[in-house]
Each structure stands twice: as C-alpha cells, then as structure tokens.
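Participant: This is the structure I have questions about; it appears just below.
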Amino acid sequence: MNPAPIDEVVDLLRTLRLPHMRAAAPELLATAKAQRWEPAEAMRALLTEELAGRQASSIRARRKAAGFPTGKTFDAWDGTVSSIPAPTQRALRTLEWIHRHENLVACGPSGTAKTHFLEALGQAAVDAGHKVSWFSLEHLGALVRRHSADDTAAKAIRRIMRADVIVIDDIGLLPVATETAEALYRVVDAAYEKHSIALSSNLHPAGFDELMPKTIANATVDRLLHHAHIVMTAGDSIRLTQATAGKGVTPLTN
C-alpha cells in the first residue's frame, strides 16, 4: 500500500470522526502490508484501536464528571492498615452491591480512611463502566438549596440520579441545617432501590437524630439502611499516626 491510499484512508477516518482509528492507521496499515495481514485482520486491529480509545475517553469523562476530591485509588490503599476486615474489603471491591442497587455506609472516627476507601471504590466503579457523583454533605445541601430558590430542586435531584453511585462524604462533623438534612433525605429517597448511595460518617446512622431534626433523620435512615452494607472503622487517626511518625511530609533538603 503506497502512501497515497493510506492518506486517503486517514482522511476518510477523519471525515467519519473515528479519531483513534485515524491515529493508528498509518503505522498499523504499514505493518499490515509488511507482514502481509489478511484484510479482515487489519480491519479488526483498526476497530480494536477505536474501541479501546473510546473506552478510555469515556472513563476519563466519567472520572472528571464524578468530582472526586483527591484522585485516590486502590493503588495507594494499604488494606493491612485499615480496620475494615480484609474479607469485607474484597467483597465490596467486587462492586456487586452496586449492581444490586445496595448502599454502603462507612462510619467511624475521623482519620480512619473512610473517605479514601469510598473514593477508591468510586474510582473502581468508574473503571467498571458506572457513573459516579461525589458530594460533601454541605455541597449537596448548597446545590439543592440553590435550586430551591427558583423551584428547580426536583430537576437537580433528577440530574444527580443520572449516576449509578452517589457518594456523600463527611456526615457527622458538624450539626446539619434543616435545609441540608432535607436535601440528604430527598437524594436518599430518590435513589431508594434504584441507585446506590455510599456514605461516610463519624456517627452511626442511628445517631443522625443528634445532627438533624428527628423526623427527617428517621425517614432518611429508614431508606438508607434498608438495603445497606454497614462498615465500622476504628482505631487511631491514620493521618495523625503518619504525622507523628514523620511520614506526613517529604523530608526537607539542605
């Protein structure tokens, strides 16, 4: 195959908006000619490049849309340090609970890697093809409150429900305003048996009535825990332990 037909193929792929095939075509078609591939073999290789490229682009887009706070994955996770039992970690990492629209509640003291574990699960869910949305409780409350002003809160909730997994982080650090508690209830209610909620809290959900109005807390917890895996973390703060051991920073150089 001389350069002119390859250039024509590249132009056609550009017109057809097949960017990954277009990028791979010059080298791949030259290799196909040199190694005397069957036409179907060359076509299969080009289509494989396009599929792989689209899948990678989709993962990048879903990861960006998720709004993860730090980008932590299981690559940086040390399961031996976590107080979550190893069998529980393995079971949750299969993501079967997401396929069944079940919830996950991680509760325990500050610094016991609840957020890291939920973010790593969220990243794994994105890699597996799921849509994830990440919120702090304050962010969620502010979002719904902002839309309540012009009567579009229901639309905002529906947009949140486009995700397969809605992560709500850091409940229990501060008292919860009534409007924020209502936002949490509306999201949990809308997701009930249709989507998965993954939630981290310093308190067990049974104690949510210490943070928010009792009637809202009871209704929220009732729906949240009906189909939920509850993971209790314990022990000293991993962050504080690392800091006191001098592992919280990179040593300064002279």
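In the structure tokens, the first chain shown is A, the next is B, and so on; residue numbers restart at 1 for each chain, and ligands run from 1 in the order shown.
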Tell me, as a PDB file with N, CA and C atoms, in the first residue's frame, which residues lie within 12 Å of Leu211 (chain A), counting only C-alpha atoms; anything in the same chain fewer than 6 positions away does not count.

Facilitator:
ATOM      1  N   ILE A 171     -20.354  13.145  56.917  1.00  0.00           N
ATOM      2  CA  ILE A 171     -21.511  13.454  57.752  1.00  0.00           C
ATOM      3  C   ILE A 171     -21.109  13.250  59.206  1.00  0.00           C
ATOM      4  N   GLY A 172     -21.548  14.134  60.064  1.00  0.00           N
ATOM      5  CA  GLY A 172     -21.303  13.949  61.481  1.00  0.00           C
ATOM      6  C   GLY A 172     -20.258  14.853  62.079  1.00  0.00           C
ATOM      7  N   LEU A 173     -19.570  15.631  61.254  1.00  0.00           N
ATOM      8  CA  LEU A 173     -18.562  16.532  61.794  1.00  0.00           C
ATOM      9  C   LEU A 173     -19.193  17.766  62.424  1.00  0.00           C
ATOM     10  N   LEU A 174     -20.289  18.229  61.805  1.00  0.00           N
ATOM     11  CA  LEU A 174     -20.944  19.459  62.268  1.00  0.00           C
ATOM     12  C   LEU A 174     -22.452  19.254  62.292  1.00  0.00           C
ATOM     13  N   PRO A 175     -23.153  20.046  63.088  1.00  0.00           N
ATOM     14  CA  PRO A 175     -24.621  19.994  63.031  1.00  0.00           C
ATOM     15  C   PRO A 175     -25.109  20.301  61.617  1.00  0.00           C
ATOM     16  N   VAL A 176     -26.237  19.718  61.255  1.00  0.00           N
ATOM     17  CA  VAL A 176     -26.745  19.829  59.892  1.00  0.00           C
ATOM     18  C   VAL A 176     -27.952  20.763  59.870  1.00  0.00           C
ATOM     19  N   ALA A 177     -27.898  21.767  59.017  1.00  0.00           N
ATOM     20  CA  ALA A 177     -29.036  22.672  58.868  1.00  0.00           C
ATOM     21  C   ALA A 177     -30.238  21.900  58.333  1.00  0.00           C
ATOM     22  N   THR A 178     -31.429  22.368  58.670  1.00  0.00           N
ATOM     23  CA  THR A 178     -32.647  21.669  58.254  1.00  0.00           C
ATOM     24  C   THR A 178     -32.718  21.523  56.740  1.00  0.00           C
ATOM     25  N   THR A 180     -30.260  21.328  54.629  1.00  0.00           N
ATOM     26  CA  THR A 180     -29.294  20.321  54.202  1.00  0.00           C
ATOM     27  C   THR A 180     -29.793  18.919  54.534  1.00  0.00           C
ATOM     28  N   ALA A 181     -30.404  18.771  55.698  1.00  0.00           N
ATOM     29  CA  ALA A 181     -30.987  17.476  56.071  1.00  0.00           C
ATOM     30  C   ALA A 181     -32.082  17.083  55.089  1.00  0.00           C
ATOM     31  N   SER A 201     -19.468   8.687  57.529  1.00  0.00           N
ATOM     32  CA  SER A 201     -19.945   9.465  58.661  1.00  0.00           C
ATOM     33  C   SER A 201     -19.115   9.160  59.896  1.00  0.00           C
ATOM     34  N   ASN A 202     -18.937  10.172  60.728  1.00  0.00           N
ATOM     35  CA  ASN A 202     -18.312   9.951  62.033  1.00  0.00           C
ATOM     36  C   ASN A 202     -19.269   9.273  63.000  1.00  0.00           C
ATOM     37  N   LEU A 203     -20.567   9.350  62.693  1.00  0.00           N
ATOM     38  CA  LEU A 203     -21.587   8.735  63.534  1.00  0.00           C
ATOM     39  C   LEU A 203     -22.238   7.569  62.822  1.00  0.00           C
ATOM     40  N   HIS A 204     -22.661   6.576  63.570  1.00  0.00           N
ATOM     41  CA  HIS A 204     -23.537   5.554  63.008  1.00  0.00           C
ATOM     42  C   HIS A 204     -24.847   6.240  62.625  1.00  0.00           C
ATOM     43  N   PRO A 205     -25.470   5.834  61.516  1.00  0.00           N
ATOM     44  CA  PRO A 205     -26.719   6.492  61.113  1.00  0.00           C
ATOM     45  C   PRO A 205     -27.790   6.500  62.202  1.00  0.00           C
ATOM     46  N   ALA A 217     -34.327  12.704  60.094  1.00  0.00           N
ATOM     47  CA  ALA A 217     -33.302  11.687  60.325  1.00  0.00           C
ATOM     48  C   ALA A 217     -33.897  10.294  60.246  1.00  0.00           C
ATOM     49  N   ASN A 218     -35.040  10.082  60.884  1.00  0.00           N
ATOM     50  CA  ASN A 218     -35.649   8.759  60.893  1.00  0.00           C
ATOM     51  C   ASN A 218     -36.047   8.310  59.487  1.00  0.00           C
TER      52      ASN A 218
END

Participant: Determine which residues of region 1-141 of chain A DSSP labels as helix (DSSP H, G or I) from the backbone of this structure, then write them out as a compact mmCIF listing (two decimals) with C-alpha atoms, in the first residue's frame.

Facilitator:
# COMPACT_ATOMS: atom_id res chain seq x y z
CA PRO A 3 1.36 6.50 0.87
CA ALA A 4 -1.50 7.96 -1.19
CA PRO A 5 -4.11 5.29 -0.29
CA ILE A 6 -3.06 5.48 3.37
CA ASP A 7 -3.55 9.24 3.29
CA GLU A 8 -6.96 8.71 1.73
CA VAL A 9 -7.89 6.25 4.47
CA VAL A 10 -6.79 8.73 7.14
CA ASP A 11 -8.88 11.48 5.51
CA LEU A 12 -11.92 9.19 5.39
CA LEU A 13 -11.48 8.27 9.04
CA ARG A 14 -11.27 11.96 9.91
CA THR A 15 -14.50 12.64 7.99
CA PRO A 19 -10.06 9.61 15.74
CA HIS A 20 -8.47 6.58 17.35
CA MET A 21 -8.51 4.56 14.14
CA ARG A 22 -7.14 7.61 12.31
CA ALA A 23 -4.25 7.98 14.75
CA ALA A 24 -3.33 4.30 14.48
CA ALA A 25 -3.93 3.86 10.75
CA PRO A 26 -0.59 4.95 9.20
CA GLU A 27 1.60 2.71 11.35
CA LEU A 28 -0.88 -0.15 11.55
CA LEU A 29 -1.54 -0.27 7.80
CA ALA A 30 2.18 -0.13 7.09
CA THR A 31 2.68 -3.06 9.44
CA ALA A 32 -0.19 -4.93 7.79
CA LYS A 33 1.46 -4.51 4.40
CA ALA A 34 4.90 -5.55 5.63
CA PRO A 39 -7.68 -7.52 5.13
CA ALA A 40 -10.01 -8.67 7.90
CA GLU A 41 -7.08 -8.81 10.31
CA ALA A 42 -6.11 -5.23 9.55
CA MET A 43 -9.73 -4.10 9.91
CA ARG A 44 -10.05 -5.90 13.23
CA ALA A 45 -6.90 -4.19 14.52
CA LEU A 46 -8.19 -0.76 13.48
CA LEU A 47 -11.58 -1.36 15.09
CA THR A 48 -9.88 -2.58 18.26
CA GLU A 49 -7.91 0.68 18.44
CA GLU A 50 -11.10 2.72 18.04
CA LEU A 51 -12.95 0.75 20.69
CA ALA A 52 -10.08 0.97 23.18
CA GLY A 53 -9.72 4.69 22.57
CA ARG A 54 -13.41 5.35 23.06
CA GLN A 55 -13.49 3.32 26.25
CA ALA A 56 -10.51 5.23 27.64
CA SER A 57 -12.12 8.56 26.70
CA SER A 58 -15.36 7.51 28.35
CA ILE A 59 -13.57 6.59 31.56
CA ARG A 60 -11.76 9.95 31.60
CA ALA A 61 -15.05 11.79 31.07
CA ARG A 62 -16.86 9.83 33.81
CA ARG A 63 -13.95 10.35 36.20
CA LYS A 64 -13.98 14.10 35.58
CA ALA A 65 -17.76 14.29 35.96
CA ALA A 66 -17.65 12.36 39.24
CA PHE A 74 -6.71 1.34 45.39
CA ASP A 75 -3.15 1.75 44.07
CA ALA A 76 -2.49 3.90 47.14
CA ALA A 86 -10.00 -7.97 54.68
CA PRO A 87 -12.90 -10.22 53.53
CA THR A 88 -15.23 -7.20 53.68
CA GLN A 89 -12.79 -5.13 51.63
CA ARG A 90 -12.57 -7.85 48.99
CA ALA A 91 -16.34 -8.31 48.84
CA LEU A 92 -17.02 -4.59 48.41
CA ARG A 93 -14.34 -4.28 45.74
CA GLU A 96 -21.70 -6.49 43.32
CA TRP A 97 -23.53 -4.19 45.73
CA ILE A 98 -23.73 -1.55 43.01
CA HIS A 99 -25.29 -3.97 40.54
CA LYS A 114 -13.35 6.10 55.33
CA THR A 115 -13.09 8.73 52.59
CA HIS A 116 -10.09 7.05 50.95
CA PHE A 117 -11.92 3.73 50.83
CA LEU A 118 -15.07 5.25 49.34
CA GLU A 119 -13.09 7.23 46.77
CA ALA A 120 -11.11 4.15 45.74
CA LEU A 121 -14.39 2.22 45.36
CA GLY A 122 -15.79 5.09 43.31
CA GLN A 123 -12.75 5.11 41.04
CA ALA A 124 -13.07 1.34 40.59
CA ALA A 125 -16.76 1.79 39.76
CA VAL A 126 -15.87 4.33 37.05
CA ASP A 127 -13.33 1.90 35.59
CA LEU A 137 -22.93 16.91 52.66
CA GLU A 138 -22.51 20.69 52.64
CA HIS A 139 -22.07 20.73 48.85
CA LEU A 140 -25.17 18.61 48.40
CA GLY A 141 -27.19 20.88 50.65

Participant: Determine the nearest neighbour of Thr70 (chain A) from the options A:Arg17, A:Trp134, A:Leu225, A:Thr233, counting only C-alpha atoms.

Facilitator: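 Closest to Thr70 (chain A) of all the choices is A:Trp134.
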
Participant: So how far away is CA of Val105 (chain A) from CA of Arg145 (chain A), in Å?

Facilitator: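 It comes out at 24.3 Å.
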
Participant: Neighbours of Ala228 (chain A) within 10 Å (only C-alpha atoms; same-chain residues fewer than 3 positions away dropped), as a list of chain:residue names?

Facilitator: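 Contacts, in chain order: A:Trp97, A:His101, A:Glu102, A:Asn103, A:Leu104, A:Val105, A:Ser196, A:Ile197, A:Ala198, A:Arg223, A:Leu224, A:Leu225, A:Val231.
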
Participant: Those selected residues, please, written with C-alpha atoms and delivered as an mmCIF file, in the first residue's frame.

Facilitator:
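Contents of result00.cif, as written:
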data_model
loop_
_atom_site.group_PDB
_atom_site.id
_atom_site.type_symbol
_atom_site.label_atom_id
_atom_site.label_comp_id
_atom_site.auth_asym_id
_atom_site.auth_seq_id
_atom_site.Cartn_x
_atom_site.Cartn_y
_atom_site.Cartn_z
ATOM 1 C CA TRP A 97 -23.534 -4.193 45.727
ATOM 2 C CA HIS A 101 -28.589 -1.058 43.930
ATOM 3 C CA GLU A 102 -27.498 -1.546 47.533
ATOM 4 C CA ASN A 103 -25.984 1.125 49.760
ATOM 5 C CA LEU A 104 -22.719 1.341 51.667
ATOM 6 C CA VAL A 105 -22.293 3.204 54.947
ATOM 7 C CA SER A 196 -26.520 3.083 45.233
ATOM 8 C CA ILE A 197 -25.634 5.532 47.972
ATOM 9 C CA ALA A 198 -22.148 5.366 49.511
ATOM 10 C CA ARG A 223 -34.478 4.203 53.481
ATOM 11 C CA LEU A 224 -30.689 4.347 53.662
ATOM 12 C CA LEU A 225 -30.205 1.238 55.787
ATOM 13 C CA VAL A 231 -18.752 -0.874 57.653
#

Participant: List as a list in words the protein and nucleic acid residues near region 152-165 of chain A, meaning an atom at most 8 Å away when only C-alpha atoms are counted, but skip any in the same chain fewer than 3 places from it.

Facilitator: Ile98, Gly122, His130, Lys131, Val132, Ser133, Leu143, Val144, Arg145, Arg146, His147, Ser148, Ala149, Arg186, Val187, Ala190, Ala191, His195, Ser196, Ile197 and Ala198 of chain A

Participant: A:Val81, A:Ala206, A:Leu252, A:Val167: which is nearest Asp222 (chain A), counting only C-alpha atoms?

Facilitator: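 Under the stated criterion, the closest residue is A:Ala206.
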
Participant: For CA of Phe208 (chain A) and CA of Gly235 (chain A), quote the distance in Å rounded to one decimal.

Facilitator: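 Between CA of Phe208 (chain A) and CA of Gly235 (chain A) the gap works out to 21.5 Å.
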
Participant: In Å, how far is it from CA of Thr220 (chain A) to CA of Ser200 (chain A)?

Facilitator: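 Between CA of Thr220 (chain A) and CA of Ser200 (chain A) the gap works out to 14.4 Å.
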
Participant: Any chance you could list, as a ChimeraX atom specification, the residues in region 180-250 of chain A that come up strand (DSSP E or B) when DSSP is run on the backbone?

Facilitator: /A:196-201,228-232

Participant: Counting only C-alpha atoms, which of A:Ala106, A:Ile84, A:Leu184, A:Ala234 gets nearest to Leu199 (chain A)?

Facilitator: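 So, comparing all the options, the nearest one is A:Ala106.
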
Participant: Considering only C-alpha atoms, state which residue in the set A:Gly111, A:Arg100, A:His227, A:Ile168 is at the smallest distance from Gly67 (chain A).

Facilitator: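 Counting only C-alpha atoms, the residue closest to Gly67 (chain A) is A:Ile168.
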